[in-house]
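**Student:** Have a look at the structure that comes next, please.
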Amino acid sequence: MVKAIMHGCNGRMGQMITKLVQETEGIGIVAGVDPMEGVSNPYPVYQKLEDCGEEADVVIDFASAKAADALLDYCVSRKIPCVLCTTGLSAEQLKRVEEASGQVAVLRSANMSMGINLLLKLLKEAAPVLADAGFDIEIVEKHHNQKVDAPSGTALALADAVNEGLREDYDYVYDRSGRREKRPKREIGISAVRGGTIVGDHDVIFAGTDEVITFSHVAYSRAVFAKGAIQAARFLAGKPAGMYSMSDVIDGE
């Protein structure tokens, strides 16, 4: 059985992963880490990673960007693979992630949903075919009114997947209000909607002459991200040092 440490165990995602792990074969949480108290868990919880002495095969991280540096140091020092789900990392922190992956297995993804990550693969194949046929490309993402960043990391990942298929030849545009001109061909428009309790809704629109093709993904519950993180943890346990992605999980399933 894969033994996991849940970093950020008392947050919404940590609690959801805790619940789902209890229903999943082949993996168990042996300890949790979270400075926030007042939550009951079926495993010991520590306020700091350095206080956690349990033997583990992998760390699942759904904490905060400010805790990422200590997390990487812990995983490197103890040679424990890390599923890094926290978003909003700085450029300096992303560099540290790359450095850490030279010493321990690290899996990082802008979105842990298996569906989104399969969509990323499909877009790389579809984009050059449709762009060559004259289709314009737009991305519309929708999230709840508590989300502080825009566009979402997932929307940017989708744009990057499209652009990778187009040999990085397209520019990203987030606001057209300050210009009066026809739409250039080599751009990807990215729009953000914030409202209500929308978990996550992404549309990648290829608009051609007299036809539109839309790739859509809708997350109805945060459980899709928790399930992906669990699958990633089972995959990453025992892997050699290196940088991994959810694409590797999909290929390895």
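How things are named: the first chain in the structure tokens is A, the next is B, and so on; residues count from 1 in each chain; ligands count from 1 in the order shown.
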For the structure I just gave you, how does DSSP split segment 125-185 of chain A - specifically, which residues are helix (DSSP H, G or I)? Reply as a ChimeraX atom specification.

**Tutor:** /A:125-132,153-165

**Student:** With a distance cut-off of 9 Å and only C-alpha atoms, select the neighbouring residues of segment 244-248 of chain A, excluding the residue or stretch itself and same-chain residues fewer than 5 positions from it, and output the selection as a PyMOL selection string.

**Tutor:** chain A and resi 101+105-109+111-114+117-118+120-121+228+232+235-236+253

**Student:** Could you take the residues named above and write them with C-alpha atoms, as a PDB file, in the first residue's frame?

**Tutor:**
```
ATOM      1  CA  SER A 101      13.124  17.382  -9.394  1.00  0.00           C
ATOM      2  CA  ALA A 105      10.293  12.759  -8.149  1.00  0.00           C
ATOM      3  CA  VAL A 106       7.997  15.802  -8.443  1.00  0.00           C
ATOM      4  CA  LEU A 107       4.644  15.868 -10.228  1.00  0.00           C
ATOM      5  CA  ARG A 108       3.204  19.318 -10.852  1.00  0.00           C
ATOM      6  CA  SER A 109       0.075  20.206 -12.799  1.00  0.00           C
ATOM      7  CA  ASN A 111      -5.098  21.132 -12.918  1.00  0.00           C
ATOM      8  CA  MET A 112      -5.292  17.655 -11.380  1.00  0.00           C
ATOM      9  CA  SER A 113      -8.404  16.603 -13.306  1.00  0.00           C
ATOM     10  CA  MET A 114      -7.799  13.593 -15.557  1.00  0.00           C
ATOM     11  CA  ASN A 117      -5.155  16.630 -18.811  1.00  0.00           C
ATOM     12  CA  LEU A 118      -6.553  14.384 -21.516  1.00  0.00           C
ATOM     13  CA  LEU A 120      -4.479  19.089 -23.139  1.00  0.00           C
ATOM     14  CA  LYS A 121      -3.188  16.157 -25.168  1.00  0.00           C
ATOM     15  CA  GLY A 228      -6.627  13.066  -9.911  1.00  0.00           C
ATOM     16  CA  ALA A 232      -1.010  10.870  -9.265  1.00  0.00           C
ATOM     17  CA  PHE A 235       1.646   6.657  -9.827  1.00  0.00           C
ATOM     18  CA  LEU A 236       4.514   8.705  -8.377  1.00  0.00           C
ATOM     19  CA  GLU A 253      -2.742   4.058 -16.298  1.00  0.00           C
TER      20      GLU A 253
END
```

**Student:** Show which residues sit within 8 Å of Ala155 of chain A, as a list in words. Count only C-alpha atoms, and ignore same-chain residues fewer than 3 positions away.

**Tutor:**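 My list of contacting residues is Ile139, Val140, Glu141, Pro151, Ser152, Leu158, Ala159, Ile190 and His202 of chain A.
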
**Student:** So that I can check the surroundings of segment 2-4 of chain A, please list as a ChimeraX atom specification every protein, DNA and RNA residue that reaches within 7 Å of it, counting only C-alpha atoms and ignoring chain neighbours fewer than 5 positions away.

**Tutor:** /A:26-30,56-60,234,237

**Student:** Take the selection from the previous step and output its residues with N, CA, C and O atoms, as a compact mmCIF listing (two decimals), in the first residue's frame.

**Tutor:**
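Produced file selection01.txt, reproduced below:
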```
# COMPACT_ATOMS: atom_id res chain seq x y z
N GLY A 26 -5.29 0.54 -2.13
CA GLY A 26 -3.89 0.69 -2.51
C GLY A 26 -3.21 1.94 -2.02
O GLY A 26 -2.04 2.17 -2.34
N ILE A 27 -3.87 2.78 -1.24
CA ILE A 27 -3.26 4.00 -0.73
C ILE A 27 -3.90 4.36 0.61
O ILE A 27 -5.10 4.13 0.83
N GLY A 28 -3.08 4.92 1.51
CA GLY A 28 -3.58 5.37 2.81
C GLY A 28 -2.79 6.58 3.26
O GLY A 28 -1.63 6.76 2.88
N ILE A 29 -3.41 7.44 4.05
CA ILE A 29 -2.73 8.62 4.58
C ILE A 29 -2.23 8.29 5.98
O ILE A 29 -3.01 7.92 6.86
N VAL A 30 -0.91 8.42 6.18
CA VAL A 30 -0.31 8.05 7.46
C VAL A 30 -0.15 9.27 8.38
O VAL A 30 0.03 9.11 9.59
N ALA A 56 6.86 7.56 4.76
CA ALA A 56 5.87 7.74 3.70
C ALA A 56 6.50 7.53 2.33
O ALA A 56 7.72 7.66 2.16
N ASP A 57 5.66 7.18 1.37
CA ASP A 57 6.10 6.96 -0.01
C ASP A 57 5.90 8.19 -0.89
O ASP A 57 6.49 8.29 -1.96
N VAL A 58 5.02 9.12 -0.45
CA VAL A 58 4.70 10.27 -1.27
C VAL A 58 4.02 11.33 -0.41
O VAL A 58 3.38 11.01 0.60
N VAL A 59 4.20 12.60 -0.79
CA VAL A 59 3.49 13.71 -0.16
C VAL A 59 2.50 14.28 -1.18
O VAL A 59 2.87 14.53 -2.33
N ILE A 60 1.26 14.45 -0.76
CA ILE A 60 0.26 15.12 -1.59
C ILE A 60 0.10 16.53 -1.04
O ILE A 60 -0.25 16.71 0.13
N ARG A 234 -0.46 7.59 -6.35
CA ARG A 234 -0.23 6.15 -6.56
C ARG A 234 0.77 5.93 -7.68
O ARG A 234 1.61 5.02 -7.63
N ALA A 237 4.65 7.24 -6.43
CA ALA A 237 5.36 6.50 -5.39
C ALA A 237 6.36 5.52 -6.01
O ALA A 237 6.01 4.73 -6.88
```

**Student:** I want to know what sits within 10 Å of Gln93 of chain A, based on only C-alpha atoms, with residues of the same chain fewer than 2 positions away left out; could you give that as a ChimeraX atom specification?

**Tutor:** /A:65-66,68-69,72,88-91,95-99

**Student:** With distances taken over only C-alpha atoms, which of A:Cys85, A:Val76, A:Val148, A:Val33 is nearest to Val45 of chain A?

**Tutor:**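 Answer, going by the shortest atom-to-atom distance: A:Val33.
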
**Student:** Show which residues sit within 12 Å of Met36 of chain A, as a list in words. Count only C-alpha atoms, and ignore same-chain residues fewer than 2 positions away.

**Tutor:**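 Selected residues are His7, Gly8, Cys9, Asn10, Gly11, Arg12, Gly14, Gly32, Val33, Asp34, Gly38, Val39, Ser40, Val45, Tyr46, Gln47, Lys48 and Ala63 of chain A.
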
**Student:** Mind writing the picked residues with N, CA and C atoms as a PDB file, in the first residue's frame?

**Tutor:**
```pdb
ATOM      1  N   HIS A   7      -0.329  17.148   2.891  1.00  0.00           N
ATOM      2  CA  HIS A   7       0.150  18.493   3.238  1.00  0.00           C
ATOM      3  C   HIS A   7      -0.959  19.493   2.933  1.00  0.00           C
ATOM      4  N   GLY A   8      -1.490  20.118   3.983  1.00  0.00           N
ATOM      5  CA  GLY A   8      -2.680  20.954   3.824  1.00  0.00           C
ATOM      6  C   GLY A   8      -3.927  20.138   4.081  1.00  0.00           C
ATOM      7  N   CYS A   9      -3.855  19.263   5.071  1.00  0.00           N
ATOM      8  CA  CYS A   9      -4.922  18.269   5.298  1.00  0.00           C
ATOM      9  C   CYS A   9      -6.234  18.878   5.778  1.00  0.00           C
ATOM     10  N   ASN A  10      -6.195  20.057   6.385  1.00  0.00           N
ATOM     11  CA  ASN A  10      -7.419  20.621   6.959  1.00  0.00           C
ATOM     12  C   ASN A  10      -8.140  21.594   6.032  1.00  0.00           C
ATOM     13  N   GLY A  11      -7.600  21.824   4.854  1.00  0.00           N
ATOM     14  CA  GLY A  11      -8.281  22.649   3.863  1.00  0.00           C
ATOM     15  C   GLY A  11      -9.358  21.857   3.143  1.00  0.00           C
ATOM     16  N   ARG A  12     -10.089  22.520   2.254  1.00  0.00           N
ATOM     17  CA  ARG A  12     -11.190  21.853   1.546  1.00  0.00           C
ATOM     18  C   ARG A  12     -10.700  20.680   0.720  1.00  0.00           C
ATOM     19  N   GLY A  14      -7.781  19.091   1.061  1.00  0.00           N
ATOM     20  CA  GLY A  14      -7.193  18.089   1.947  1.00  0.00           C
ATOM     21  C   GLY A  14      -8.237  17.196   2.575  1.00  0.00           C
ATOM     22  N   GLY A  32      -0.843  13.949   8.501  1.00  0.00           N
ATOM     23  CA  GLY A  32      -1.228  15.189   7.849  1.00  0.00           C
ATOM     24  C   GLY A  32      -0.449  16.357   8.423  1.00  0.00           C
ATOM     25  N   VAL A  33      -0.369  17.437   7.648  1.00  0.00           N
ATOM     26  CA  VAL A  33       0.319  18.646   8.092  1.00  0.00           C
ATOM     27  C   VAL A  33      -0.569  19.846   7.793  1.00  0.00           C
ATOM     28  N   ASP A  34      -0.839  20.647   8.833  1.00  0.00           N
ATOM     29  CA  ASP A  34      -1.645  21.851   8.639  1.00  0.00           C
ATOM     30  C   ASP A  34      -1.588  22.703   9.908  1.00  0.00           C
ATOM     31  N   GLY A  38      -8.650  22.368  14.773  1.00  0.00           N
ATOM     32  CA  GLY A  38     -10.090  22.260  14.901  1.00  0.00           C
ATOM     33  C   GLY A  38     -10.755  21.309  13.934  1.00  0.00           C
ATOM     34  N   VAL A  39      -9.957  20.507  13.221  1.00  0.00           N
ATOM     35  CA  VAL A  39     -10.502  19.533  12.279  1.00  0.00           C
ATOM     36  C   VAL A  39     -10.091  18.135  12.732  1.00  0.00           C
ATOM     37  N   SER A  40     -11.026  17.214  12.754  1.00  0.00           N
ATOM     38  CA  SER A  40     -10.742  15.840  13.169  1.00  0.00           C
ATOM     39  C   SER A  40     -10.331  15.003  11.969  1.00  0.00           C
ATOM     40  N   VAL A  45      -1.836  14.668  12.986  1.00  0.00           N
ATOM     41  CA  VAL A  45      -1.648  15.913  12.247  1.00  0.00           C
ATOM     42  C   VAL A  45      -0.614  16.778  12.955  1.00  0.00           C
ATOM     43  N   TYR A  46       0.308  17.324  12.163  1.00  0.00           N
ATOM     44  CA  TYR A  46       1.362  18.183  12.695  1.00  0.00           C
ATOM     45  C   TYR A  46       1.214  19.586  12.110  1.00  0.00           C
ATOM     46  N   GLN A  47       1.644  20.575  12.876  1.00  0.00           N
ATOM     47  CA  GLN A  47       1.553  21.946  12.397  1.00  0.00           C
ATOM     48  C   GLN A  47       2.668  22.279  11.417  1.00  0.00           C
ATOM     49  N   LYS A  48       3.806  21.576  11.539  1.00  0.00           N
ATOM     50  CA  LYS A  48       4.954  21.815  10.664  1.00  0.00           C
ATOM     51  C   LYS A  48       5.445  20.502  10.073  1.00  0.00           C
ATOM     52  N   ALA A  63      -1.614  22.821  -0.149  1.00  0.00           N
ATOM     53  CA  ALA A  63      -1.489  23.826   0.906  1.00  0.00           C
ATOM     54  C   ALA A  63      -1.516  25.222   0.294  1.00  0.00           C
TER      55      ALA A  63
END
```

**Student:** Name the residues of segment 26-232 of chain A that come out as strand (DSSP E or B) in a backbone DSSP run; write them as an mmCIF file with C-alpha atoms, in the first residue's frame.

**Tutor:**
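out-v1.cif written:
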```
data_model
loop_
_atom_site.group_PDB
_atom_site.id
_atom_site.type_symbol
_atom_site.label_atom_id
_atom_site.label_comp_id
_atom_site.auth_asym_id
_atom_site.auth_seq_id
_atom_site.Cartn_x
_atom_site.Cartn_y
_atom_site.Cartn_z
ATOM 1 C CA ILE A 27 -3.261 3.998 -0.726
ATOM 2 C CA GLY A 28 -3.582 5.371 2.810
ATOM 3 C CA ILE A 29 -2.734 8.619 4.581
ATOM 4 C CA VAL A 30 -0.312 8.054 7.462
ATOM 5 C CA ALA A 31 -0.035 11.695 8.603
ATOM 6 C CA GLY A 32 -1.228 15.189 7.849
ATOM 7 C CA VAL A 33 0.319 18.646 8.092
ATOM 8 C CA VAL A 45 -1.648 15.913 12.247
ATOM 9 C CA TYR A 46 1.362 18.183 12.695
ATOM 10 C CA VAL A 58 4.699 10.270 -1.275
ATOM 11 C CA VAL A 59 3.489 13.712 -0.164
ATOM 12 C CA ILE A 60 0.256 15.121 -1.589
ATOM 13 C CA ASP A 61 0.331 18.908 -1.402
ATOM 14 C CA CYS A 82 5.853 15.018 -4.101
ATOM 15 C CA VAL A 83 2.539 15.615 -5.890
ATOM 16 C CA LEU A 84 2.597 19.416 -5.973
ATOM 17 C CA ALA A 105 10.293 12.759 -8.149
ATOM 18 C CA VAL A 106 7.997 15.802 -8.443
ATOM 19 C CA LEU A 107 4.644 15.868 -10.228
ATOM 20 C CA ARG A 108 3.204 19.318 -10.852
ATOM 21 C CA ASP A 136 -9.736 31.436 -34.893
ATOM 22 C CA ILE A 137 -9.019 30.322 -31.335
ATOM 23 C CA GLU A 138 -10.681 31.646 -28.179
ATOM 24 C CA ILE A 139 -10.704 30.362 -24.597
ATOM 25 C CA VAL A 140 -13.450 31.205 -22.098
ATOM 26 C CA GLU A 141 -13.078 30.123 -18.476
ATOM 27 C CA LYS A 142 -15.614 30.469 -15.667
ATOM 28 C CA HIS A 143 -15.022 30.174 -11.926
ATOM 29 C CA ASP A 171 0.120 35.604 -28.942
ATOM 30 C CA TYR A 172 -2.246 35.660 -25.939
ATOM 31 C CA VAL A 173 -4.758 38.505 -25.662
ATOM 32 C CA GLU A 187 -3.750 35.284 -31.450
ATOM 33 C CA ILE A 188 -5.516 33.309 -28.758
ATOM 34 C CA GLY A 189 -8.142 35.308 -26.886
ATOM 35 C CA ILE A 190 -8.557 34.355 -23.218
ATOM 36 C CA SER A 191 -11.609 35.570 -21.271
ATOM 37 C CA ALA A 192 -12.437 35.087 -17.577
ATOM 38 C CA VAL A 193 -15.904 34.961 -15.968
ATOM 39 C CA ARG A 194 -16.292 35.125 -12.169
ATOM 40 C CA GLY A 200 -14.542 25.248 -13.068
ATOM 41 C CA ASP A 201 -15.787 25.593 -16.640
ATOM 42 C CA HIS A 202 -13.443 25.835 -19.632
ATOM 43 C CA ASP A 203 -14.254 26.162 -23.334
ATOM 44 C CA VAL A 204 -11.647 26.155 -26.087
ATOM 45 C CA ILE A 205 -13.406 27.524 -29.156
ATOM 46 C CA PHE A 206 -12.212 27.039 -32.725
ATOM 47 C CA ALA A 207 -14.333 29.385 -34.854
ATOM 48 C CA GLY A 208 -14.152 28.905 -38.597
ATOM 49 C CA GLU A 211 -18.782 26.233 -38.330
ATOM 50 C CA VAL A 212 -17.552 26.218 -34.738
ATOM 51 C CA ILE A 213 -15.812 23.404 -32.883
ATOM 52 C CA THR A 214 -15.719 23.671 -29.075
ATOM 53 C CA PHE A 215 -13.737 21.550 -26.651
ATOM 54 C CA SER A 216 -15.423 21.821 -23.243
ATOM 55 C CA HIS A 217 -14.684 20.641 -19.735
ATOM 56 C CA VAL A 218 -16.976 21.246 -16.770
ATOM 57 C CA ALA A 219 -16.061 20.339 -13.196
#
```

**Student:** Between A:Asn145, A:Gly252, A:Lys79, A:Ala126, which residue has the minimum interatomic distance to Pro240 of chain A, considering only C-alpha atoms?

**Tutor:**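 With only C-alpha atoms as the atom set, the closest residue is A:Lys79.
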
**Student:** In Å to one decimal, how far is atom CA of Gly242 of chain A from atom CA of Gln103 of chain A?

**Tutor:**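 Separation between atom CA of Gln103 of chain A and atom CA of Gly242 of chain A: 7.3 Å.
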
**Student:** Could you please determine the separation between atom CA of Gly102 of chain A and atom CA of Ile230 of chain A in Å, to one decimal place?

**Tutor:**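 Spanning atom CA of Gly102 of chain A to atom CA of Ile230 of chain A is a straight-line distance of 22.9 Å.
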